[in-house]
Every structure is written in C-alpha cells, then in structure tokens.
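Chemist: Please find final09.csv (CSV, C-alpha atoms) on the next line:
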chain,number,residue,atom,x,y,z
A,1,MET,CA,62.2,-62.5,122.3
A,2,HIS,CA,59.5,-63.1,125.0
A,3,PRO,CA,56.8,-65.5,123.8
A,4,ALA,CA,54.1,-62.8,124.2
A,5,GLU,CA,56.2,-60.5,122.0
A,6,LEU,CA,56.7,-63.3,119.4
A,7,GLN,CA,52.9,-63.9,119.3
A,8,GLU,CA,52.3,-60.2,118.9
A,9,THR,CA,54.8,-60.0,116.0
A,10,LYS,CA,53.1,-63.0,114.3
A,11,ILE,CA,49.7,-61.3,114.6
A,12,ARG,CA,51.0,-58.1,113.1
A,13,ARG,CA,52.4,-59.7,110.0
A,14,SER,CA,52.0,-57.6,106.8
A,15,PHE,CA,51.8,-58.4,103.1
A,16,ALA,CA,55.5,-57.5,102.9
A,17,ASP,CA,56.2,-60.4,105.3
A,18,ALA,CA,53.8,-62.8,103.7
A,19,PHE,CA,54.8,-62.3,100.1
A,20,ASP,CA,57.7,-64.5,98.9
A,21,PRO,CA,58.5,-64.0,95.2
A,22,ARG,CA,59.9,-67.5,94.9
A,23,ARG,CA,57.3,-69.4,97.0
A,24,ASN,CA,53.6,-68.4,96.3
A,25,ALA,CA,50.5,-69.9,94.8
A,26,PHE,CA,49.9,-67.2,92.1
A,27,ASN,CA,50.4,-69.5,89.1
A,28,PHE,CA,48.1,-72.0,90.6
A,29,LEU,CA,45.4,-69.4,91.3
A,30,ARG,CA,45.8,-67.9,87.8
A,31,LEU,CA,45.1,-71.3,86.4
A,32,ILE,CA,42.0,-71.7,88.6
A,33,LEU,CA,40.8,-68.3,87.5
A,34,ALA,CA,41.2,-69.3,83.8
A,35,VAL,CA,39.2,-72.5,84.5
A,36,LEU,CA,36.5,-70.5,86.2
A,37,VAL,CA,36.2,-68.3,83.1
A,38,ILE,CA,35.7,-71.4,81.0
A,39,VAL,CA,33.0,-72.6,83.4
A,40,GLY,CA,31.3,-69.2,83.1
A,41,HIS,CA,31.5,-69.2,79.3
A,42,CYS,CA,30.0,-72.6,79.1
A,43,PHE,CA,26.5,-71.2,79.9
A,44,PRO,CA,26.3,-68.7,76.9
A,45,ILE,CA,28.5,-70.6,74.4
A,46,GLY,CA,26.8,-73.9,75.1
A,47,GLY,CA,23.3,-72.5,75.3
A,48,PHE,CA,22.7,-73.6,78.8
A,49,GLY,CA,20.8,-70.5,79.8
A,50,GLU,CA,21.7,-67.9,82.4
A,51,GLU,CA,24.9,-68.4,84.3
A,52,TRP,CA,24.5,-69.6,87.8
A,53,PRO,CA,25.0,-68.8,90.7
A,54,VAL,CA,27.0,-65.5,90.7
A,55,PRO,CA,24.6,-63.4,88.7
A,56,ALA,CA,21.7,-64.6,90.8
A,57,ILE,CA,23.5,-63.8,94.0
A,58,SER,CA,24.7,-60.4,92.8
A,59,GLY,CA,21.5,-59.3,91.1
A,60,GLY,CA,23.2,-59.4,87.7
A,61,ARG,CA,26.0,-57.0,88.7
A,62,TYR,CA,28.7,-59.7,88.4
A,63,SER,CA,29.3,-62.9,86.6
A,64,LEU,CA,31.8,-65.7,87.3
A,65,GLY,CA,33.8,-64.4,84.3
A,66,THR,CA,34.0,-60.8,85.4
A,67,LEU,CA,35.0,-61.7,88.9
A,68,SER,CA,37.7,-64.1,87.7
A,69,VAL,CA,39.1,-61.6,85.2
A,70,GLY,CA,39.0,-58.9,87.8
A,71,MET,CA,41.2,-61.1,90.0
A,72,PHE,CA,43.6,-61.6,87.1
A,73,PHE,CA,43.9,-57.8,87.0
A,74,VAL,CA,44.5,-57.6,90.8
A,75,LEU,CA,47.4,-60.1,90.5
A,76,SER,CA,48.8,-58.3,87.4
A,77,GLY,CA,48.7,-55.0,89.3
A,78,PHE,CA,50.5,-56.5,92.3
A,79,LEU,CA,53.3,-58.2,90.2
A,80,ILE,CA,53.6,-55.6,87.5
A,81,THR,CA,54.0,-52.7,90.0
A,82,ARG,CA,56.7,-54.8,91.8
A,83,SER,CA,58.5,-55.1,88.4
A,84,ALA,CA,58.2,-51.4,87.7
A,85,SER,CA,59.4,-50.3,91.1
A,86,GLY,CA,62.5,-52.5,90.8
A,87,PRO,CA,65.9,-51.8,89.2
A,88,LEU,CA,64.7,-52.4,85.6
A,89,SER,CA,64.8,-49.5,83.2
A,90,VAL,CA,61.5,-48.5,81.6
A,91,GLY,CA,62.6,-49.9,78.3
A,92,ARG,CA,63.5,-53.2,79.8
A,93,PHE,CA,60.1,-53.2,81.7
A,94,ILE,CA,58.2,-52.7,78.5
A,95,TRP,CA,60.2,-55.4,76.7
A,96,HIS,CA,59.4,-57.9,79.5
A,97,ARG,CA,55.7,-57.1,79.2
A,98,PHE,CA,55.9,-57.4,75.4
A,99,VAL,CA,57.5,-60.9,75.4
A,100,ARG,CA,55.0,-62.1,77.9
A,101,LEU,CA,51.9,-60.8,76.2
A,102,PHE,CA,52.3,-60.5,72.4
A,103,PRO,CA,54.0,-63.8,71.2
A,104,GLY,CA,51.3,-66.0,72.7
A,105,TYR,CA,48.6,-63.5,71.6
A,106,TRP,CA,49.9,-63.4,68.0
A,107,MET,CA,50.1,-67.2,67.8
A,108,CYS,CA,46.5,-67.5,69.1
A,109,LEU,CA,45.4,-65.1,66.3
A,110,VAL,CA,47.1,-67.2,63.7
A,111,VAL,CA,45.8,-70.5,65.0
A,112,THR,CA,42.3,-69.1,65.3
A,113,ALA,CA,42.3,-67.6,61.8
A,114,PHE,CA,44.2,-70.4,59.9
A,115,ILE,CA,43.3,-73.5,61.8
A,116,PHE,CA,40.1,-73.0,63.7
A,117,ALA,CA,38.3,-70.9,61.1
A,118,PRO,CA,38.9,-73.3,58.1
A,119,ILE,CA,37.7,-76.2,60.2
A,120,PHE,CA,34.6,-74.3,61.3
A,121,CYS,CA,33.9,-73.3,57.7
A,122,ALA,CA,34.3,-77.0,56.6
A,123,ILE,CA,31.8,-78.1,59.2
A,124,GLU,CA,29.3,-75.4,58.5
A,125,TYR,CA,29.6,-75.0,54.7
A,126,GLY,CA,31.6,-78.0,53.5
A,127,THR,CA,34.6,-75.9,52.2
A,128,PHE,CA,37.9,-74.9,53.6
A,129,SER,CA,39.1,-72.2,51.3
A,130,ASP,CA,36.2,-69.9,50.5
A,131,ILE,CA,36.7,-67.8,53.6
A,132,PHE,CA,40.2,-66.7,52.3
A,133,VAL,CA,38.7,-65.1,49.2
A,134,ALA,CA,35.7,-63.5,50.8
A,135,PRO,CA,35.1,-59.7,50.1
A,136,SER,CA,35.7,-58.8,53.8
A,137,HIS,CA,36.3,-60.3,57.3
A,138,THR,CA,38.7,-62.9,56.0
A,139,PRO,CA,41.1,-64.8,58.3
A,140,GLN,CA,43.9,-62.6,57.0
A,141,SER,CA,42.1,-59.3,57.9
A,142,TYR,CA,41.2,-60.8,61.3
A,143,VAL,CA,44.9,-61.3,62.1
A,144,ILE,CA,45.9,-57.9,60.8
A,145,ASP,CA,43.0,-56.0,62.5
A,146,HIS,CA,43.8,-57.5,65.9
A,147,ALA,CA,47.6,-57.7,65.8
A,148,ALA,CA,48.3,-54.4,67.4
A,149,MET,CA,45.4,-54.5,69.9
A,150,PHE,CA,45.0,-50.7,69.3
A,151,ARG,CA,43.4,-49.0,66.3
A,152,ALA,CA,42.4,-45.4,66.1
A,153,ARG,CA,39.1,-45.3,64.3
A,154,GLY,CA,36.9,-43.2,66.5
A,155,PHE,CA,36.1,-42.1,70.1
A,156,SER,CA,34.9,-45.3,71.7
A,157,MET,CA,36.4,-48.4,73.3
A,158,ASN,CA,35.5,-50.6,70.4
A,159,SER,CA,37.1,-48.2,67.9
A,160,VAL,CA,40.2,-47.2,69.7
A,161,MET,CA,41.0,-50.7,70.9
A,162,ALA,CA,40.3,-54.0,69.4
A,163,VAL,CA,38.1,-55.0,72.3
A,164,SER,CA,35.4,-56.2,70.0
A,165,SER,CA,35.8,-59.9,69.5
A,166,GLY,CA,35.6,-59.8,65.7
A,167,HIS,CA,34.2,-62.4,63.4
A,168,ILE,CA,35.4,-64.2,60.3
A,169,VAL,CA,33.0,-64.2,57.3
A,170,GLY,CA,30.0,-64.9,59.5
A,171,LEU,CA,31.2,-68.2,60.8
A,172,LEU,CA,29.4,-69.8,63.7
A,173,SER,CA,26.1,-68.2,62.7
A,174,HIS,CA,24.1,-71.1,64.1
A,175,ASN,CA,25.9,-71.4,67.4
A,176,PRO,CA,24.1,-70.3,70.7
A,177,THR,CA,26.6,-67.5,70.8
A,178,PRO,CA,26.8,-66.6,67.1
A,179,TRP,CA,29.6,-65.2,65.0
A,180,THR,CA,32.1,-64.4,67.8
A,181,ILE,CA,35.1,-66.5,67.3
A,182,ASN,CA,37.2,-65.5,70.3
A,183,GLY,CA,35.4,-63.4,72.9
A,184,SER,CA,38.1,-63.6,75.5
A,185,LEU,CA,40.7,-61.4,73.7
A,186,TRP,CA,38.9,-58.1,74.4
A,187,SER,CA,40.3,-57.8,77.9
A,188,LEU,CA,44.0,-57.9,76.8
A,189,PRO,CA,44.0,-54.3,75.4
A,190,ILE,CA,42.8,-53.1,78.8
A,191,GLU,CA,45.6,-55.0,80.5
A,192,LEU,CA,48.1,-53.4,78.0
A,193,ILE,CA,46.7,-49.9,78.9
A,194,CYS,CA,47.4,-50.7,82.6
A,195,TYR,CA,51.0,-51.7,81.8
A,196,LEU,CA,51.6,-48.5,79.9
A,197,VAL,CA,50.1,-46.4,82.7
A,198,ILE,CA,52.4,-48.0,85.2
A,199,ALA,CA,55.4,-47.5,82.8
A,200,VAL,CA,54.5,-43.7,82.6
A,201,LEU,CA,54.2,-43.5,86.4
A,202,ALA,CA,57.6,-45.2,86.7
A,203,VAL,CA,59.2,-42.8,84.3
A,204,LEU,CA,57.8,-39.9,86.4
A,205,GLY,CA,59.2,-41.6,89.6
A,206,ILE,CA,55.7,-41.9,91.1
A,207,VAL,CA,55.8,-45.6,91.5
A,208,GLN,CA,59.1,-45.4,93.4
A,209,ARG,CA,58.8,-42.2,95.4
A,210,ARG,CA,55.2,-40.9,95.2
A,211,ARG,CA,53.0,-43.9,96.0
A,212,ALA,CA,50.3,-41.7,97.4
A,213,VAL,CA,49.5,-40.6,93.8
A,214,VAL,CA,48.8,-44.3,93.0
A,215,LEU,CA,46.6,-44.5,96.1
A,216,ALA,CA,44.7,-41.4,94.9
A,217,LEU,CA,44.2,-42.9,91.4
A,218,PHE,CA,42.9,-46.0,93.0
A,219,ALA,CA,40.4,-43.9,95.1
A,220,ILE,CA,39.2,-42.1,92.0
A,221,LEU,CA,38.6,-45.4,90.2
A,222,LEU,CA,36.8,-46.8,93.3
A,223,ALA,CA,34.5,-43.7,93.4
A,224,VAL,CA,33.7,-44.0,89.7
A,225,ARG,CA,33.1,-47.8,90.2
A,226,GLU,CA,30.7,-47.1,93.0
A,227,VAL,CA,28.7,-44.6,91.0
A,228,ASN,CA,28.2,-47.3,88.4
A,229,CYS,CA,27.1,-49.8,91.1
A,230,ILE,CA,24.7,-47.4,92.9
A,231,SER,CA,23.3,-45.6,89.8
A,232,PRO,CA,24.1,-47.2,86.4
A,233,GLU,CA,21.9,-44.5,84.8
A,234,ALA,CA,24.1,-41.7,86.1
A,235,PHE,CA,27.3,-43.5,85.0
A,236,GLN,CA,25.9,-44.0,81.5
A,237,GLN,CA,25.0,-40.3,81.3
A,238,TYR,CA,28.6,-39.2,82.1
A,239,TYR,CA,30.4,-42.1,80.3
A,240,PRO,CA,28.2,-43.0,77.4
A,241,PHE,CA,30.9,-44.5,75.2
A,242,HIS,CA,30.7,-48.3,74.7
A,243,GLY,CA,33.1,-50.3,76.8
A,244,PHE,CA,34.0,-47.6,79.5
A,245,ASN,CA,32.2,-49.6,82.2
A,246,ASP,CA,34.7,-52.5,81.6
A,247,LEU,CA,37.6,-50.1,81.3
A,248,TRP,CA,36.9,-48.6,84.7
A,249,TYR,CA,36.1,-52.0,86.3
A,250,PHE,CA,39.3,-53.7,85.3
A,251,CYS,CA,41.6,-50.7,85.7
A,252,PHE,CA,40.3,-50.4,89.3
A,253,HIS,CA,41.2,-54.0,90.0
A,254,PHE,CA,44.6,-53.5,88.5
A,255,PHE,CA,45.4,-50.5,90.7
A,256,ALA,CA,43.9,-52.3,93.7
A,257,GLY,CA,46.8,-54.8,93.2
A,258,SER,CA,49.2,-51.9,92.7
A,259,VAL,CA,48.2,-50.3,96.0
A,260,CYS,CA,48.5,-53.7,97.8
A,261,PHE,CA,52.1,-53.9,96.6
A,262,LEU,CA,53.1,-50.3,97.2
A,263,PHE,CA,51.7,-50.3,100.7
A,264,ARG,CA,52.4,-54.0,101.5
A,265,GLU,CA,54.3,-53.2,104.7
A,266,LYS,CA,51.2,-51.4,106.0
A,267,ILE,CA,48.5,-54.0,105.1
A,268,PRO,CA,48.0,-56.6,107.8
A,269,TYR,CA,48.0,-60.2,106.9
A,270,SER,CA,46.2,-62.8,108.9
A,271,LYS,CA,43.9,-65.7,108.3
A,272,SER,CA,41.2,-64.2,110.6
A,273,LEU,CA,41.2,-61.0,108.4
A,274,LEU,CA,41.0,-63.3,105.3
A,275,ILE,CA,37.9,-65.0,106.7
A,276,ALA,CA,36.3,-61.6,107.6
A,277,SER,CA,37.1,-60.2,104.2
A,278,ALA,CA,35.5,-63.2,102.5
A,279,GLY,CA,32.4,-62.5,104.5
A,280,LEU,CA,32.4,-58.8,103.6
A,281,ALA,CA,32.9,-59.7,99.9
A,282,GLY,CA,29.9,-62.1,100.0
A,283,LEU,CA,27.8,-59.4,101.7
A,284,GLY,CA,28.8,-56.8,99.1
A,285,LEU,CA,27.8,-59.3,96.3
A,286,MET,CA,24.4,-59.9,97.8
A,287,VAL,CA,23.4,-56.4,99.1
A,288,ARG,CA,23.5,-53.7,96.4
A,289,PRO,CA,24.0,-50.7,98.8
A,290,LEU,CA,27.0,-52.5,100.3
A,291,GLY,CA,28.5,-53.2,96.9
A,292,PHE,CA,31.5,-51.0,97.7
A,293,LEU,CA,32.7,-53.8,100.1
A,294,CYS,CA,33.2,-56.4,97.3
A,295,PRO,CA,35.8,-54.7,95.2
A,296,ILE,CA,37.9,-53.9,98.4
A,297,ALA,CA,37.5,-57.2,100.2
A,298,LEU,CA,38.0,-59.5,97.2
A,299,PRO,CA,41.5,-58.3,96.2
A,300,TYR,CA,42.6,-58.7,99.8
A,301,CYS,CA,41.2,-62.3,99.9
A,302,PHE,CA,42.7,-63.2,96.6
A,303,LEU,CA,46.2,-62.0,97.4
A,304,CYS,CA,46.1,-63.6,100.9
A,305,LEU,CA,45.2,-66.9,99.2
A,306,GLY,CA,48.2,-66.4,97.0
A,307,PHE,CA,50.4,-66.1,100.1
A,308,THR,CA,48.7,-69.0,101.9
A,309,VAL,CA,47.7,-71.8,99.6
A,310,PRO,CA,50.4,-74.5,100.1
A,311,VAL,CA,51.4,-75.2,96.4
A,312,PRO,CA,54.6,-73.2,96.1
A,313,ARG,CA,56.2,-75.8,93.7
A,314,PHE,CA,53.3,-75.5,91.3
A,315,SER,CA,55.1,-72.5,89.7
A,316,LEU,CA,58.0,-74.6,88.7
A,317,LYS,CA,55.8,-76.4,86.2
A,318,GLY,CA,55.1,-73.3,84.2
A,319,ASP,CA,52.2,-70.8,83.8
A,320,TYR,CA,49.5,-72.3,81.6
A,321,SER,CA,46.8,-69.8,82.6
A,322,TYR,CA,47.5,-67.4,79.6
A,323,GLY,CA,47.1,-70.2,77.0
A,324,THR,CA,44.1,-71.5,78.8
A,325,TYR,CA,42.4,-68.1,78.8
A,326,ILE,CA,43.1,-67.2,75.1
A,327,TYR,CA,42.3,-70.5,73.6
A,328,ALA,CA,39.2,-71.6,75.6
A,329,PHE,CA,36.7,-69.5,73.7
A,330,PRO,CA,37.3,-70.8,70.1
A,331,VAL,CA,37.6,-74.4,71.5
A,332,GLN,CA,34.2,-74.0,73.2
A,333,GLN,CA,32.7,-72.5,70.1
A,334,GLY,CA,34.0,-75.5,68.0
A,335,LEU,CA,32.6,-78.0,70.5
A,336,ALA,CA,29.2,-76.2,70.3
A,337,LEU,CA,29.4,-76.2,66.5
A,338,ILE,CA,29.7,-80.0,66.4
A,339,GLY,CA,26.8,-80.3,68.8
A,340,LEU,CA,28.6,-81.6,71.9
A,341,HIS,CA,26.7,-79.2,74.1
A,342,ARG,CA,23.6,-81.3,73.5
A,343,ALA,CA,25.3,-84.1,75.5
A,344,GLY,CA,25.0,-82.1,78.7
A,345,PHE,CA,26.8,-79.4,80.7
A,346,ALA,CA,29.3,-81.8,82.4
A,347,LEU,CA,30.6,-83.5,79.2
A,348,TYR,CA,30.8,-80.2,77.4
A,349,LEU,CA,32.8,-78.6,80.3
A,350,ALA,CA,35.1,-81.6,80.6
A,351,CYS,CA,35.9,-81.6,76.8
A,352,SER,CA,36.4,-77.9,76.9
A,353,LEU,CA,38.9,-78.2,79.7
A,354,LEU,CA,40.7,-81.2,78.1
A,355,VAL,CA,41.1,-79.6,74.6
A,356,THR,CA,42.0,-76.2,76.0
A,357,GLY,CA,44.5,-77.6,78.4
A,358,ALA,CA,46.3,-79.4,75.6
A,359,LEU,CA,46.5,-76.2,73.6
A,360,ALA,CA,47.6,-74.2,76.7
A,361,ILE,CA,50.5,-76.7,77.3
A,362,LEU,CA,51.6,-76.4,73.6
A,363,SER,CA,51.3,-72.6,73.8
A,364,TYR,CA,53.5,-72.4,76.9
A,365,ARG,CA,56.1,-74.9,75.9
A,366,TYR,CA,56.6,-73.9,72.3
A,367,VAL,CA,55.7,-70.2,72.2
A,368,GLU,CA,55.5,-68.5,75.6
A,369,ALA,CA,58.4,-70.1,77.4
A,370,PRO,CA,60.9,-69.9,74.5
A,371,CYS,CA,60.0,-66.2,74.0
A,372,LEU,CA,60.4,-65.5,77.7
A,373,ARG,CA,64.0,-66.6,77.5
A,374,TRP,CA,64.6,-63.5,75.4
A,375,LYS,CA,63.3,-61.1,78.1
A,376,ASN,CA,66.8,-60.3,79.3
A,377,TRP,CA,68.1,-59.9,75.7
A,378,ASP,CA,70.3,-56.8,75.4
A,379,ALA,CA,69.9,-55.5,71.9
A,380,VAL,CA,72.7,-52.9,72.2
A,381,SER,CA,75.2,-55.4,73.4
A,382,THR,CA,74.2,-57.9,70.7
A,383,ILE,CA,74.6,-55.3,68.0
A,384,VAL,CA,78.0,-54.1,69.4
A,385,GLY,CA,79.0,-57.8,69.6
A,386,TRP,CA,78.2,-58.3,65.9
A,387,PHE,CA,80.5,-55.4,64.9
A,388,SER,CA,83.2,-56.3,67.4
A,389,SER,CA,83.3,-59.9,66.1
A,390,ALA,CA,83.7,-58.9,62.5
A,391,PRO,CA,87.1,-59.9,61.0
A,392,ARG,CA,89.7,-57.2,61.1
A,393,PRO,CA,92.9,-56.9,59.1
A,394,VAL,CA,95.9,-58.3,60.9
A,395,LEU,CA,99.2,-56.5,60.6
A,396,ALA,CA,102.0,-58.7,59.5
A,397,THR,CA,104.7,-59.2,62.1
A,398,VAL,CA,108.4,-59.5,61.4
A,399,PRO,CA,110.5,-62.2,63.0
A,400,THR,CA,113.0,-61.0,65.5
A,401,GLY,CA,116.3,-60.3,64.1
A,402,GLU,CA,115.2,-59.7,60.5
A,403,PRO,CA,115.4,-56.3,58.9
A,404,LYS,CA,112.3,-54.2,58.8
A,405,PHE,CA,111.6,-52.4,55.5
Rewrite the structure from the file as structure tokens, please.
Modeler:
Amino acid sequence: MHPAELQETKIRRSFADAFDPRRNAFNFLRLILAVLVIVGHCFPIGGFGEEWPVPAISGGRYSLGTLSVGMFFVLSGFLITRSASGPLSVGRFIWHRFVRLFPGYWMCLVVTAFIFAPIFCAIEYGTFSDIFVAPSHTPQSYVIDHAAMFRARGFSMNSVMAVSSGHIVGLLSHNPTPWTINGSLWSLPIELICYLVIAVLAVLGIVQRRRAVVLALFAILLAVREVNCISPEAFQQYYPFHGFNDLWYFCFHFFAGSVCFLFREKIPYSKSLLIASAGLAGLGLMVRPLGFLCPIALPYCFLCLGFTVPVPRFSLKGDYSYGTYIYAFPVQQGLALIGLHRAGFALYLACSLLVTGALAILSYRYVEAPCLRWKNWDAVSTIVGWFSSAPRPVLATVPTGEPKF
C-alpha cells in the first residue's frame, strides 16, 4: 500500500477497528468512575457542603456522581449490546447478566443489614440486637424489600422499583446525610431495566438486524433529555412521577453506548476527534443552551479513552468497580458516624477509599468471581447428566460355552 493510502486508512479508523475485546482499558476506567462517585459522595455524606466543581460549572445540572454513573451506563450499553448481538441465546444472555449483577448485590444487602447496621446501632444507641425486633424497618425487612429490585406498589419509580435507598430503624439519624444506609443501590434497578429492554430487542431480532430502531430509540431519549435540560418545568409537567428524570437520563446513556456498538464501523476514531469532543462536552456543561452537546460528546470521549488508555493488562487483575460502587456508601456513612469527617476532607476520602477497596477486593474474589464461573453452566445438560449417571441394572452374562436357561 502506498504511504499516502496507509496514512489515509489510519485517519479513517473506526470504533470497530479500535475496539479490542481482549485489550482495552474498560475495567480501569470503571474503577476510576467508582472512585469519582466516592469523591462526589464525600461532600454530602461528610457534611462538606456543596459538591465542587462540576455543579458550579454546569449550573447545578450535573454532579460528579451523575456524570460518573452516566458513563457506567454508556459502557454497559456498549458491552451488553455486544453480548446480546452475539451467538448467545436470550436465556443464556439473561443468565450472564444475573450472575454478574445479583450475587454481589445480595451479599451487599446481607452485609449492610447484618454487619453494618448492628455496628451502627451499637455506636449510636449502645445495643446490637434491638434493631432486629423493631416493629418495622428491621434489617430482615431491608434485605427482603430490596432483594428483587422490583416491587409493584404504585405508579412511581420509587414504588415500582426499589430505587429509594431505604433505612433501617432510623439509624444514622445524626449523620450529615441522615437515615440513608446505602444510597448507591438505587441505580441498579435502572440498569436491570436496560438489560431487559436489550433482551426483548434481541428476541425480536432488532439488535441483530434492525439497528435503526435502536438509533431511533436513542434519538427519542435524547429529545426527552433535552426538553428536561432546556425546560425542566415542562418536563415535570409531562413526567410528574418521582424518579423519571433519572430513568430517562441513565437509559439515554445506556443506549448511547448501544448505538456506538451497533454503528461502530461508521463512527470515526481519532485522537483529534477525542480532543474536539472533550472541548464540546466542556462547552455543553458550561453553557445551558448548548447542553445537548454534553450527552453526545461525553460518551464518545469515554469510549475513545477505553480504546486508547495504555493499561490493557489491568483487566487481568479483575473488575473491582462493582464492589467499590455498592459498598462505598455504607462505609462513608460509618466513617461519618464515628466523626472521622471532622478530621478533614482528605483523611475522610482516603479512609473511604481504603476501607471500600478492601471490601471490593473481598467481594470480587469470594462472591463475584466464583459466581461468574457459573455463567456458562448448562442446567439442561447437568440435569440430564444426573439421570444418565444414575446406576442401572446390569444384565448377567453367561460365559461362553455354558448352557443358557
């Protein structure tokens, strides 16, 4: 190939060329996002006042936490759509999502209810056991109410899904962020909704053969998102139910990732476009009428970083981002309960990262990773194997030459 043609080919690289499933920085970036969520939560949980600087730059439209979780959804959309468009059956796809999401989530509920909550109760009230016999909001009911993520109790986000953080017998009532024992779990039901939508689209063959439908869905979500950015009053009038703002916001980012995967061969990839998109995202953050730029440019920037950042071997160490995300909030609440936040932001953040990191490692090594080994479990073959391995009667054989009766 002529050098000019080679240079032209390099300039026109697409997401399809840049994405290597075995060599990327997605696990590293996920962990960075989880750490940024911890940083953002330090402000309200530790009582350090208004978060800075993202809300100040964006006029209160965004926070460090919402931007970080939004990028979580972008990456989920990209990777989950890849999984749904592959050779897996829908049942196998749902099973993979289940073993990735629920075991760690359930263990977090148990640890929060039966380890964190009694410790918090002992610190606040001098007793471990009274919370287990309270009339309501006991640790037992906390686990049961949140176990399935969904609960049909009315027409609102908080009633249909367990997006409300929940509390246990009024613990943490004197904290800067009172009562809420794990305020990070509310986003998981929304992620589960996105998984189920992709599963339905895969059953209908839309993910594999009608990707324009996904693009149209993304465009609708973008339009609704922009109505909320430009005129929050109008959005509230049409979508008055509590939590719908978050639903639209995170579903939009999930399907932004989906579109980036489905049209990966058509989306150009270059470092110059990455820099330009970062500038547009910053402009969209700062200038409200240009807010539509941010939710388009940021997903592009994030995925490009996943293709570009030179830490491909980081993924071999495991994915500790999920445990970091789900355990950070109760850890930070516990540190605030013992008054560590009074020692200053830096020490409070450092201790939050240290304790949460330890729990995340334990969660991945002893809960998440062992359960992920079951993702290719074939229940039908296992059951058939059970029956086929059962002892069977053996017909007696007669030695050659002896008479048969």
Chemist: In terms of the shortest atom-to-atom distance over only C-alpha atoms, which of A:His174, A:Arg30, A:Arg225, A:Arg365 is closest to Leu337 (chain A)?
Modeler: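 Closest to Leu337 (chain A) of all the choices is A:His174.
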Chemist: Residues at most 12 Å from Tyr238 (chain A), counting only C-alpha atoms, excluding those fewer than 6 positions away in the same chain, as a ChimeraX atom specification?
Modeler: /A:224,227-228,231-232,244-245
Chemist: Go through A:Gly60, A:Gly65, A:Pro118, A:Pro289 and flag the residue nearest Ile32 (chain A), using all atoms listed in the file for the distances.
Modeler: A:Gly65
Chemist: Counting all atoms listed in the file, which residue out of A:Val355, A:Val90, A:Ile193, A:Ala350 sits closest to Val331 (chain A)?
Modeler: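 Using all atoms listed in the file, Val331 (chain A) sits closest to A:Val355.
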Chemist: So which one's closest to Val37 (chain A), A:Ile94, A:Ile80, A:Thr324, A:Phe218? Using all atoms listed in the file, please.
Modeler: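 Answer, going by the shortest atom-to-atom distance: A:Thr324.
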Chemist: For Pro53 (chain A), please output as a PyMOL selection string all residues within 10 Å (counting all atoms listed in the file; exclusion window: fewer than 2 positions along the same chain).
Modeler: chain A and resi 40+50-51+55-58+63-64
Chemist: Given the choices A:Tyr366, A:Phe314, A:Tyr325, A:Phe48, which gets closest to Pro176 (chain A) if the distance is worked out from only C-alpha atoms?
Modeler: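 For Pro176 (chain A), the nearest of the given residues is A:Phe48.
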Chemist: Quick one, how far is CA of Ile326 (chain A) from CA of Gly104 (chain A)?
Modeler: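 About the pair CA of Ile326 (chain A) and CA of Gly104 (chain A): they are 8.6 Å apart.
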Chemist: Can you work out which one of A:Gly306, A:Gly77, A:Gly323, A:Gly183 has the shortest atom-to-atom distance to Pro44 (chain A), counting all atoms listed in the file?
Modeler: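 Going through A:Gly306, A:Gly77, A:Gly323, A:Gly183 one by one, the smallest distance to Pro44 (chain A) is for A:Gly183.
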Chemist: Up to 12 Å from (48.0, -58.5, 65.3) in the file's coordinates: name the residues, counting all atoms listed in the file, as a ChimeraX atom specification.
Modeler: /A:101-110,113,139-151,161-162,185,189
Chemist: Report the distance between CA of Arg97 (chain A) and CA of Ala369 (chain A) in Å, rounded to one decimal place.
Modeler: 13.4 Å
Chemist: Can I get the residues of region 158-214 of chain A within 8 Å of region 249-255 of chain A, each with the closest pair of atoms and their distance in Å to one decimal, using only C-alpha atoms, sorted chain first then ascending number, as JSON lines?
Modeler:
{"residue": "A:Ile190", "atom": "CA", "partner": "A:Cys251", "partner_atom": "CA", "distance": 7.4}
{"residue": "A:Glu191", "atom": "CA", "partner": "A:Cys251", "partner_atom": "CA", "distance": 7.8}
{"residue": "A:Cys194", "atom": "CA", "partner": "A:Cys251", "partner_atom": "CA", "distance": 6.6}
{"residue": "A:Val214", "atom": "CA", "partner": "A:Phe255", "partner_atom": "CA", "distance": 7.4}
Chemist: Dump as a ChimeraX atom specification all residues having an atom at most 6 Å from (33.3, -70.5, 67.1), computed in the file's coordinates with all atoms listed in the file.
Modeler: /A:172,181,330,333-334
